[in-house]
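Peer 1: Input: one structure, supplied below.
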Amino acid sequence: MRLTILGGGGFRVPLVYRALLEDPGRAVSEVVLHDTDPRRVAVIAEVLARLAQGHPAPVPVRVADGLDDALEGAGFVFSAIRVGGTAGRIRDERIPLSEGVLGQETVGAGGVLYGLRTIPVALHIAERVAALAPGAWVINFTNPAGMVTEAMSQVLGDRVIGICDSPVGLVRRAARAAGAEPAALADPDRAGYDYVGLNHLGWLRSLTLDGTELLPGLLADDEALGSFEEGRLFGGDWLRTLGALPNEYLHYYYFRRETLDSVRDTRETRGEFLDQQQGGFFTRAAAAGGPDAVYALWERARLEREETYMAHSREASGGWQRDSHDLEGGGYDRVALALMHAILGNSGTRLILNVRNGTTVPQLAPDAIVETVCEVSAQGARPLPCAPLREDQLGLMLQVKAVERATVEAAVFKDRSAALRALALHPLVDSPAVAARILERAAKEA
C-alpha cells in the first residue's frame with residue numbers, strides 16, 4: 001500500500017518514517033513525498049535514507065513529481081502542509097501581538113489568520129484526492145487541525161480524519177502520574193477515558209483502570225500533579241476547581257494575561273525561533289555531505305525543538321524543563337499509524353481524533369468537527385457517546401466553534417465579513433476594532 005505524505009519536506013516526517021520502520025505489522029510498501037520546496041524535501045529524503053541504512057526491510061521512498069503524481073494510487077494520505085512557511089507563521093504571531101492580543105499559530109487571532117491562508121489549499125488537496133484517489137483515507141496533521149479538517153470534510157466526508165498528539169500525551173502523562181502502567185492503559189478491557197472538546201481546546205474528564213476512577217485521586221495529590229506538564233502548567237488549585245485536566249493549549253485561555261505578558265515584549269516568537277532554527281538546519285544539511293551528517297544535524301535540531309516547545313507558557317507558570325519522556329519525539333506518528341492500522345485491521349481501536357460530531361455534543365451541528373474518543377474500524381472513526389459538558393466547557397466550545405466555522409466560510413467564499421466575525425468573536429480578541437486592524441494588516445502583508 002502506498003502512503004503519501006504531503007508536506008514531505010516537513011521537519012517531523014522522519015518521525016513517521018522511523019515509526020514505519022519499527023512497525024511489526026507494517027502494511028506500507030512505498031512512501032511518496034510531496035513538497036512545494038524541492039530543497040527541503042531533498043534534505044528530508046536524506047534523513048530517511050540514513051534511517052533506512054542497515055534495516056533488513058526498509059520502506060522504499062520516492063519524491064513525487066507534483067501533487068497529482070503523489071496522490072494517484074495512494075491508500076493513505078498524510079497531510080502536513082504549512083502554507084506560507086515559517087514566514088507566514090511569524091506574521092500570524094507578530095500582527096496580533098502588535099495589537100496587544102495573543103499571537104499563536106493555532107489559537108486566537110494567529111490561528112484564524114493561519115486558517116484563512118491554509119483552508120483554500122487544503123480544499124484543493126481534498127478535491128484532487130476525491131478525483132484521483134477516491135478510496136484513500138486522508139489523515140490531517142495540518143494546523144489549525146480542527147478547522148482544516150472541517151473544511152476538507154466538505155469534500156471528503158468521513159474519509160478525512162484529523163489528529164493531534166496533545167490529547168494522547170495528556171492521557172499518557174496523567175495515567176503515569178496516577179500510577180497506571182502504560183501497558184494497562186493500552187488495554188481497552190482495563191482502561192477507559194473521557195476526553196471531549198475541539199482541537200487544542202479539550203478536557204480529560206475521566207480516567208479509569210479496572211473499573212476504578214483515577215482522576216479524583218490525581219487531582220487531590222499536589223505531588224502527583226507536579227510530576228507532569230499539565231499539572232505544573234495549571235496548578236492544583238485551578239485543576240481541582242475545574243474537576244478535569246485541560247489540554248495544554250487551554251493555558252492560553254485560562255491564563256491569558258500571564259501568557260500574553262510572557263510574549264508581548266519577546267525578542268523572538270516561536271515562529272521566529274523555528275524560522276531561524278529550521279532555516280539553519282536545512283542550509284547546513286544541504287552542504288553536510290551524506291546521510292550520516294544530515295541525520296546528526298536533524299536529531300540535534302529535533303531535540304532543541306522539543307525542549308523549547310510551549311516555552312512561553314512554561315515561563316508564565318513558573319518556569320520548568322520538559323520531562324525526558326516528552327523529549328523522545330513522536331506522538332503524531334504513533335497516532336497516525338495506530339489510526340491506519342485500526343482502519344486496515346477493522347480493529348475497533350479507541351483513539352482521540354478530530355471527526356464529525358454527529359450527536360456526540362447535541363448543541364453542535366452534526367457536521368461540526370470535534371475532538372473526542374472514537375472507535376475506529378474499516379468504516380472509519382465513529383465518535384463515542386460522552387457525558388454532558390459542563391456549562392463553562394460547552395460555552396467555550398460553542399464560541400470557538402463559531403469562530404472556526406466563520407473562518408471556513410471566509411476562506412471558501414472570500415468573505416471579509418465572515419473573516420472579521422471570526423476574529424472579533426474569538427475569546428482571545430477583545431475588540432472588533434482590534435480585529436479589523438489585524439485583518440487589514442494581514443491583507444496588506446500577505
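Letters for chains follow the order of the C-alpha cells (A, B, ...), residue numbers begin at 1 for each chain, and ligand numbers begin at 1 in the order shown.
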Looking only at strand (DSSP E) from DSSP on the backbone, list the matching residues of range 201-275 of chain A as a list in words.
Peer 2: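 The strand (DSSP E) subset of range 201-275 of chain A is Leu201, Gly202, Trp203, Leu204, Arg205, Ser206, Leu207, Thr208, Leu209, Thr212, Glu213, Leu245 and Pro246 of chain A.
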Peer 1: Could you write out that same residue set with N, CA and C atoms as a short mmCIF file (atom, residue, chain, number, x, y, z; two decimals), in the first residue's frame?
Peer 2:
data_model
loop_
_atom_site.label_atom_id
_atom_site.label_comp_id
_atom_site.auth_asym_id
_atom_site.auth_seq_id
_atom_site.Cartn_x
_atom_site.Cartn_y
_atom_site.Cartn_z
N LEU A 201 -8.45 22.46 22.42
CA LEU A 201 -9.41 23.00 23.39
C LEU A 201 -10.28 21.85 23.86
N GLY A 202 -9.76 21.08 24.82
CA GLY A 202 -10.50 19.92 25.29
C GLY A 202 -10.12 19.57 26.72
N TRP A 203 -10.86 18.64 27.31
CA TRP A 203 -10.70 18.29 28.71
C TRP A 203 -10.71 16.78 28.89
N LEU A 204 -9.79 16.28 29.70
CA LEU A 204 -9.83 14.89 30.16
C LEU A 204 -10.66 14.88 31.44
N ARG A 205 -11.84 14.25 31.40
CA ARG A 205 -12.80 14.35 32.48
C ARG A 205 -12.97 13.06 33.26
N SER A 206 -12.39 11.98 32.76
CA SER A 206 -12.46 10.70 33.45
C SER A 206 -11.30 9.85 33.00
N LEU A 207 -10.73 9.09 33.93
CA LEU A 207 -9.63 8.16 33.62
C LEU A 207 -9.81 6.96 34.54
N THR A 208 -10.15 5.82 33.96
CA THR A 208 -10.45 4.64 34.77
C THR A 208 -9.49 3.51 34.47
N LEU A 209 -9.23 2.70 35.47
CA LEU A 209 -8.42 1.48 35.32
C LEU A 209 -9.07 0.39 36.15
N THR A 212 -11.90 1.44 38.34
CA THR A 212 -11.66 2.45 39.38
C THR A 212 -11.36 3.79 38.73
N GLU A 213 -12.05 4.84 39.15
CA GLU A 213 -11.83 6.19 38.64
C GLU A 213 -10.57 6.77 39.30
N LEU A 245 -8.75 17.69 33.73
CA LEU A 245 -7.43 18.07 33.25
C LEU A 245 -7.56 18.67 31.85
N PRO A 246 -7.25 19.95 31.69
CA PRO A 246 -7.39 20.59 30.37
C PRO A 246 -6.22 20.26 29.44
#
Peer 1: Going by DSSP on the backbone, which bits of range 271-440 of chain A are alpha helix (DSSP H)? Write them as a ChimeraX atom specification, please.
Peer 2: /A:271-286,291-307,311-316,332-345,391-413,416-424,432-440
Peer 1: Can you build me a table of range 113-158 of chain A residues sitting at most 9 Å from range 164-182 of chain A, with the closest atom pair per residue and its distance in Å to one decimal, using only C-alpha atoms, sorted by chain and residue number, as CSV?
Peer 2:
residue,atom,partner,partner_atom,distance
A:Asn140,CA,A:Cys164,CA,8.9
A:Phe141,CA,A:Cys164,CA,6.9
A:Ala145,CA,A:Cys164,CA,7.6
Peer 1: Please provide as a PDB file with C-alpha atoms, in the first residue's frame all residues within 9 Å of Leu225 in chain A, with the sequence filter that same-chain residues fewer than 4 positions apart are discarded (counting only C-alpha atoms).
Peer 2:
ATOM      1  CA  ALA A 174      -1.992  11.648  33.623  1.00  0.00           C
ATOM      2  CA  ALA A 177       1.181  10.291  37.354  1.00  0.00           C
ATOM      3  CA  ALA A 178      -1.752   8.275  38.737  1.00  0.00           C
ATOM      4  CA  LEU A 218      -4.834  12.514  41.000  1.00  0.00           C
ATOM      5  CA  LEU A 219      -6.433  15.958  41.303  1.00  0.00           C
ATOM      6  CA  ALA A 220      -6.154  15.773  45.095  1.00  0.00           C
ATOM      7  CA  ASP A 221      -2.441  14.913  45.032  1.00  0.00           C
ATOM      8  CA  GLU A 229       3.302  19.086  32.332  1.00  0.00           C
ATOM      9  CA  GLU A 230      -0.384  19.934  32.609  1.00  0.00           C
ATOM     10  CA  GLY A 231      -0.266  19.714  36.406  1.00  0.00           C
ATOM     11  CA  ARG A 232       2.549  22.250  36.512  1.00  0.00           C
ATOM     12  CA  GLY A 235      -1.621  24.253  39.209  1.00  0.00           C
ATOM     13  CA  GLY A 236      -3.503  22.075  41.647  1.00  0.00           C
TER      14      GLY A 236
END
Peer 1: With only C-alpha atoms as the basis for distance, which of A:Val196, A:Ala285, A:Val429, A:Ala435 is at the shortest distance from Ser417 in chain A?
Peer 2: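 Between A:Val196, A:Ala285, A:Val429, A:Ala435, the residue approaching Ser417 in chain A most closely is A:Ala435.
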Peer 1: With only C-alpha atoms counted and 8 Å as the cut-off, give the residues of range 36-133 of chain A in contact with range 2-12 of chain A, each with its shortest interatomic distance in Å and the pair that gives it, as a tab-separated table.
Peer 2:
residue	atom	partner	partner_atom	distance
A:Thr36	CA	A:Gly7	CA	7.6
A:Asp37	CA	A:Gly9	CA	7.1
A:Pro38	CA	A:Gly9	CA	7.9
A:Arg40	CA	A:Gly9	CA	4.8
A:Val41	CA	A:Gly9	CA	3.8
A:Ala42	CA	A:Gly9	CA	7.3
A:Val43	CA	A:Gly9	CA	7.4
A:Ile44	CA	A:Gly9	CA	5.6
A:Ala45	CA	A:Gly9	CA	7.9
A:Ala70	CA	A:Thr4	CA	6.3
A:Leu71	CA	A:Thr4	CA	6.7
A:Gly73	CA	A:Arg2	CA	6.8
A:Ala74	CA	A:Arg2	CA	4.9
A:Gly75	CA	A:Arg2	CA	5.5
A:Phe76	CA	A:Leu3	CA	5.1
A:Val77	CA	A:Thr4	CA	4.8
A:Phe78	CA	A:Ile5	CA	4.8
A:Ser79	CA	A:Leu6	CA	4.8
A:Ala80	CA	A:Gly7	CA	5.1
A:Ile81	CA	A:Gly7	CA	4.4
A:Arg82	CA	A:Gly7	CA	7.2
Peer 1: Create the file for the chosen residues now, containing C-alpha atoms and written as a compact mmCIF listing (two decimals), in the first residue's frame.
Peer 2:
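again15.txt written:
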# COMPACT_ATOMS: atom_id res chain seq x y z
CA THR A 36 6.47 22.63 -2.77
CA ASP A 37 10.09 23.21 -1.66
CA PRO A 38 12.45 20.85 -3.54
CA ARG A 40 13.65 20.78 1.88
CA VAL A 41 12.24 17.53 0.56
CA ALA A 42 15.66 16.51 -0.76
CA VAL A 43 17.18 17.03 2.70
CA ILE A 44 14.41 15.08 4.43
CA ALA A 45 14.82 12.26 1.90
CA ALA A 70 1.76 11.97 -5.32
CA LEU A 71 -1.95 11.21 -4.92
CA GLY A 73 -2.62 5.17 -6.25
CA ALA A 74 -2.40 6.29 -2.62
CA GLY A 75 -4.13 4.22 0.03
CA PHE A 76 -3.49 6.76 2.80
CA VAL A 77 -2.58 10.43 2.57
CA PHE A 78 -0.93 12.18 5.50
CA SER A 79 -1.42 15.92 5.04
CA ALA A 80 1.10 18.00 7.00
CA ILE A 81 1.48 21.19 4.99
CA ARG A 82 2.48 24.68 6.14
Peer 1: Which is closer to Leu116 in chain A than all the others in A:Gly135, A:Pro144, A:Gly271, A:Gly211, using only C-alpha atoms?
Peer 2: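 Answer, going by the shortest atom-to-atom distance: A:Pro144.
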Peer 1: Could you jot down the CA of Ala184 in chain A to CA of Leu239 in chain A separation for me, Å, one decimal place?
Peer 2: 24.7 Å
Peer 1: Might you pull out every residue within 10 Å of range 286-301 of chain A, with only C-alpha atoms counted and same-chain residues fewer than 5 positions away left off, and present them as a ChimeraX atom specification?
Peer 2: /A:11-12,14,39-40,42-51,53,274,277-278,280-281,306-307,329
Peer 1: Output the selection as a PDB file, in the first residue's frame - N, CA and C atoms for each residue.
Peer 2:
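Contents of the output file part37.pdb:
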ATOM      1  N   PHE A  11       9.709  18.925   8.944  1.00  0.00           N
ATOM      2  CA  PHE A  11      10.724  18.513   9.903  1.00  0.00           C
ATOM      3  C   PHE A  11      10.349  17.235  10.645  1.00  0.00           C
ATOM      4  N   ARG A  12       9.060  16.952  10.792  1.00  0.00           N
ATOM      5  CA  ARG A  12       8.629  15.778  11.543  1.00  0.00           C
ATOM      6  C   ARG A  12       8.459  14.524  10.690  1.00  0.00           C
ATOM      7  N   PRO A  14      10.610  12.501   9.329  1.00  0.00           N
ATOM      8  CA  PRO A  14      11.415  11.354   9.754  1.00  0.00           C
ATOM      9  C   PRO A  14      10.829  10.589  10.934  1.00  0.00           C
ATOM     10  N   ARG A  39      14.248  21.806  -2.177  1.00  0.00           N
ATOM     11  CA  ARG A  39      15.448  21.710  -1.340  1.00  0.00           C
ATOM     12  C   ARG A  39      15.124  21.005  -0.016  1.00  0.00           C
ATOM     13  N   ARG A  40      14.025  21.387   0.604  1.00  0.00           N
ATOM     14  CA  ARG A  40      13.651  20.783   1.884  1.00  0.00           C
ATOM     15  C   ARG A  40      13.351  19.298   1.730  1.00  0.00           C
ATOM     16  N   ALA A  42      14.429  17.254  -0.469  1.00  0.00           N
ATOM     17  CA  ALA A  42      15.658  16.508  -0.757  1.00  0.00           C
ATOM     18  C   ALA A  42      16.438  16.231   0.529  1.00  0.00           C
ATOM     19  N   VAL A  43      16.490  17.217   1.421  1.00  0.00           N
ATOM     20  CA  VAL A  43      17.184  17.028   2.697  1.00  0.00           C
ATOM     21  C   VAL A  43      16.474  15.969   3.538  1.00  0.00           C
ATOM     22  N   ILE A  44      15.162  16.053   3.630  1.00  0.00           N
ATOM     23  CA  ILE A  44      14.410  15.078   4.430  1.00  0.00           C
ATOM     24  C   ILE A  44      14.558  13.680   3.834  1.00  0.00           C
ATOM     25  N   ALA A  45      14.605  13.574   2.525  1.00  0.00           N
ATOM     26  CA  ALA A  45      14.823  12.262   1.896  1.00  0.00           C
ATOM     27  C   ALA A  45      16.169  11.672   2.318  1.00  0.00           C
ATOM     28  N   GLU A  46      17.170  12.534   2.517  1.00  0.00           N
ATOM     29  CA  GLU A  46      18.465  12.043   3.003  1.00  0.00           C
ATOM     30  C   GLU A  46      18.367  11.541   4.436  1.00  0.00           C
ATOM     31  N   VAL A  47      17.607  12.245   5.270  1.00  0.00           N
ATOM     32  CA  VAL A  47      17.408  11.769   6.646  1.00  0.00           C
ATOM     33  C   VAL A  47      16.736  10.400   6.629  1.00  0.00           C
ATOM     34  N   LEU A  48      15.738  10.219   5.768  1.00  0.00           N
ATOM     35  CA  LEU A  48      15.059   8.932   5.673  1.00  0.00           C
ATOM     36  C   LEU A  48      16.009   7.847   5.173  1.00  0.00           C
ATOM     37  N   ALA A  49      16.894   8.209   4.231  1.00  0.00           N
ATOM     38  CA  ALA A  49      17.879   7.238   3.742  1.00  0.00           C
ATOM     39  C   ALA A  49      18.780   6.770   4.870  1.00  0.00           C
ATOM     40  N   ARG A  50      19.171   7.693   5.762  1.00  0.00           N
ATOM     41  CA  ARG A  50      20.006   7.305   6.904  1.00  0.00           C
ATOM     42  C   ARG A  50      19.226   6.402   7.866  1.00  0.00           C
ATOM     43  N   LEU A  51      17.962   6.682   8.094  1.00  0.00           N
ATOM     44  CA  LEU A  51      17.159   5.818   8.950  1.00  0.00           C
ATOM     45  C   LEU A  51      17.013   4.417   8.373  1.00  0.00           C
ATOM     46  N   GLN A  53      19.243   2.834   6.539  1.00  0.00           N
ATOM     47  CA  GLN A  53      20.512   2.118   6.454  1.00  0.00           C
ATOM     48  C   GLN A  53      20.565   0.971   7.446  1.00  0.00           C
ATOM     49  N   LEU A 274      11.688  29.043  15.180  1.00  0.00           N
ATOM     50  CA  LEU A 274      11.675  27.926  14.237  1.00  0.00           C
ATOM     51  C   LEU A 274      12.184  28.338  12.866  1.00  0.00           C
ATOM     52  N   GLN A 277      15.930  28.347  13.345  1.00  0.00           N
ATOM     53  CA  GLN A 277      16.454  27.019  13.615  1.00  0.00           C
ATOM     54  C   GLN A 277      16.329  26.109  12.402  1.00  0.00           C
ATOM     55  N   GLN A 278      15.131  26.062  11.810  1.00  0.00           N
ATOM     56  CA  GLN A 278      14.940  25.169  10.678  1.00  0.00           C
ATOM     57  C   GLN A 278      15.646  25.681   9.435  1.00  0.00           C
ATOM     58  N   GLY A 280      18.406  27.340   9.426  1.00  0.00           N
ATOM     59  CA  GLY A 280      19.799  26.969   9.630  1.00  0.00           C
ATOM     60  C   GLY A 280      20.036  25.494   9.408  1.00  0.00           C
ATOM     61  N   PHE A 281      19.106  24.664   9.877  1.00  0.00           N
ATOM     62  CA  PHE A 281      19.255  23.222   9.675  1.00  0.00           C
ATOM     63  C   PHE A 281      19.282  22.872   8.201  1.00  0.00           C
ATOM     64  N   GLU A 306      11.999  20.158  20.632  1.00  0.00           N
ATOM     65  CA  GLU A 306      11.176  19.578  21.689  1.00  0.00           C
ATOM     66  C   GLU A 306      11.418  20.275  23.027  1.00  0.00           C
ATOM     67  N   GLU A 307      12.663  20.613  23.332  1.00  0.00           N
ATOM     68  CA  GLU A 307      12.997  21.244  24.610  1.00  0.00           C
ATOM     69  C   GLU A 307      12.342  22.615  24.757  1.00  0.00           C
ATOM     70  N   GLY A 329      10.353  12.640  21.137  1.00  0.00           N
ATOM     71  CA  GLY A 329       9.825  12.840  19.786  1.00  0.00           C
ATOM     72  C   GLY A 329       8.707  11.851  19.521  1.00  0.00           C
TER      73      GLY A 329
END
Peer 1: With only C-alpha atoms as the atoms that count, which of A:Ala338, A:Arg390, A:Asn199, A:Ala224 lies nearest to Gly25 in chain A?
Peer 2: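 For Gly25 in chain A, the nearest of the candidates is A:Ala338.
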Peer 1: Check the smallest atom-to-atom distance from each of A:Val355, A:Ala52, A:Leu233, A:Leu337 to Pro24 in chain A using only C-alpha atoms, then report the winner.
Peer 2: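 So, comparing all the options, the nearest one is A:Leu337.
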Peer 1: State, in Å with one decimal place, the distance from CA of Phe413 in chain A to CA of Ile119 in chain A.
Peer 2: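 Computing it gives 11.0 Å between the two atoms.
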Peer 1: May I ask for the distance between CA of Tyr253 in chain A and CA of Ala419 in chain A, given in Å to one decimal place?
Peer 2: 20.9 Å
Peer 1: Pick out the closest residue to Arg405 in chain A from this set: A:Ala418, A:Ala387, A:Val16, A:Ala87. Count only C-alpha atoms.
Peer 2: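 Comparing A:Ala418, A:Ala387, A:Val16, A:Ala87 against Arg405 in chain A, the winner is A:Ala418.
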Peer 1: Using only C-alpha atoms, determine which residues lie at most 10 Å from Ile125 in chain A, disregarding the query and same-chain residues fewer than 4 positions distant; provide the list as a ChimeraX atom specification.
Peer 2: /A:6,67-68,71,79,119-121,129-131,138,152,155
Peer 1: Could those selected residues go to a file with C-alpha atoms, as a PDB file, in the first residue's frame?
Peer 2:
ATOM      1  CA  LEU A   6       2.022  15.961   1.711  1.00  0.00           C
ATOM      2  CA  LEU A  67       0.627  16.789  -6.372  1.00  0.00           C
ATOM      3  CA  ASP A  68      -1.318  14.593  -8.796  1.00  0.00           C
ATOM      4  CA  LEU A  71      -1.954  11.209  -4.924  1.00  0.00           C
ATOM      5  CA  SER A  79      -1.417  15.923   5.038  1.00  0.00           C
ATOM      6  CA  ILE A 119      -8.053  26.322   4.018  1.00  0.00           C
ATOM      7  CA  PRO A 120      -8.126  27.140   0.259  1.00  0.00           C
ATOM      8  CA  VAL A 121      -5.032  24.987  -0.291  1.00  0.00           C
ATOM      9  CA  VAL A 129      -7.874  13.321  -3.605  1.00  0.00           C
ATOM     10  CA  ALA A 130     -11.549  12.904  -4.499  1.00  0.00           C
ATOM     11  CA  ALA A 131     -10.682  12.898  -8.195  1.00  0.00           C
ATOM     12  CA  VAL A 138      -6.759  11.385   4.484  1.00  0.00           C
ATOM     13  CA  MET A 152     -11.763  19.152   3.921  1.00  0.00           C
ATOM     14  CA  VAL A 155     -15.373  17.407   0.061  1.00  0.00           C
TER      15      VAL A 155
END
Peer 1: Could you name the residues that touch range 363-374 of chain A at 7 Å or less, counting only C-alpha atoms, but leaving out those on the same chain fewer than 5 positions away, as an NGL selection string?
Peer 2: :A and (146 or 150 or 194-199 or 350-358 or 381-384)
Peer 1: Suppose we keep C-alpha atoms; can you now write the selection as a PDB file, in the first residue's frame?
Peer 2:
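Result file selection.pdb:
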ATOM      1  CA  GLY A 146      -9.963  21.314  13.619  1.00  0.00           C
ATOM      2  CA  GLU A 150     -13.813  20.634   8.883  1.00  0.00           C
ATOM      3  CA  ASP A 194     -13.459  10.551  28.614  1.00  0.00           C
ATOM      4  CA  TYR A 195     -11.940  13.359  26.565  1.00  0.00           C
ATOM      5  CA  VAL A 196     -14.008  15.874  24.620  1.00  0.00           C
ATOM      6  CA  GLY A 197     -13.614  19.305  23.063  1.00  0.00           C
ATOM      7  CA  LEU A 198     -12.232  20.887  19.925  1.00  0.00           C
ATOM      8  CA  ASN A 199      -8.679  20.691  18.632  1.00  0.00           C
ATOM      9  CA  ARG A 350     -10.202   3.601  20.571  1.00  0.00           C
ATOM     10  CA  LEU A 351      -8.348   6.825  19.754  1.00  0.00           C
ATOM     11  CA  ILE A 352      -8.863  10.549  20.372  1.00  0.00           C
ATOM     12  CA  LEU A 353      -9.469  12.049  16.930  1.00  0.00           C
ATOM     13  CA  ASN A 354     -10.967  15.038  15.109  1.00  0.00           C
ATOM     14  CA  VAL A 355     -14.148  13.808  13.439  1.00  0.00           C
ATOM     15  CA  ARG A 356     -17.673  14.903  12.574  1.00  0.00           C
ATOM     16  CA  ASN A 357     -19.721  15.420  15.705  1.00  0.00           C
ATOM     17  CA  GLY A 358     -22.872  13.506  14.832  1.00  0.00           C
ATOM     18  CA  ALA A 381     -13.777   6.692  13.053  1.00  0.00           C
ATOM     19  CA  ARG A 382     -17.042   6.790  14.999  1.00  0.00           C
ATOM     20  CA  PRO A 383     -17.250   9.213  17.931  1.00  0.00           C
ATOM     21  CA  LEU A 384     -18.396   7.547  21.133  1.00  0.00           C
TER      22      LEU A 384
END
Peer 1: I'd like the neighbourhood of Leu339 in chain A as a list in words, where a residue qualifies if any of its atoms comes within 8 Å (using only C-alpha atoms), though same-chain residues fewer than 4 positions away should be ignored.
Peer 2: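 Skipping anything fewer than 4 positions along the chain leaves Val335, Ile343, Leu351 and Val376 of chain A.
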Peer 1: Quick one: of A:Gln154, A:Thr359, A:Thr241, A:Gln399, who's nearest to Ala126 in chain A, counting only C-alpha atoms?
Peer 2: A:Gln154
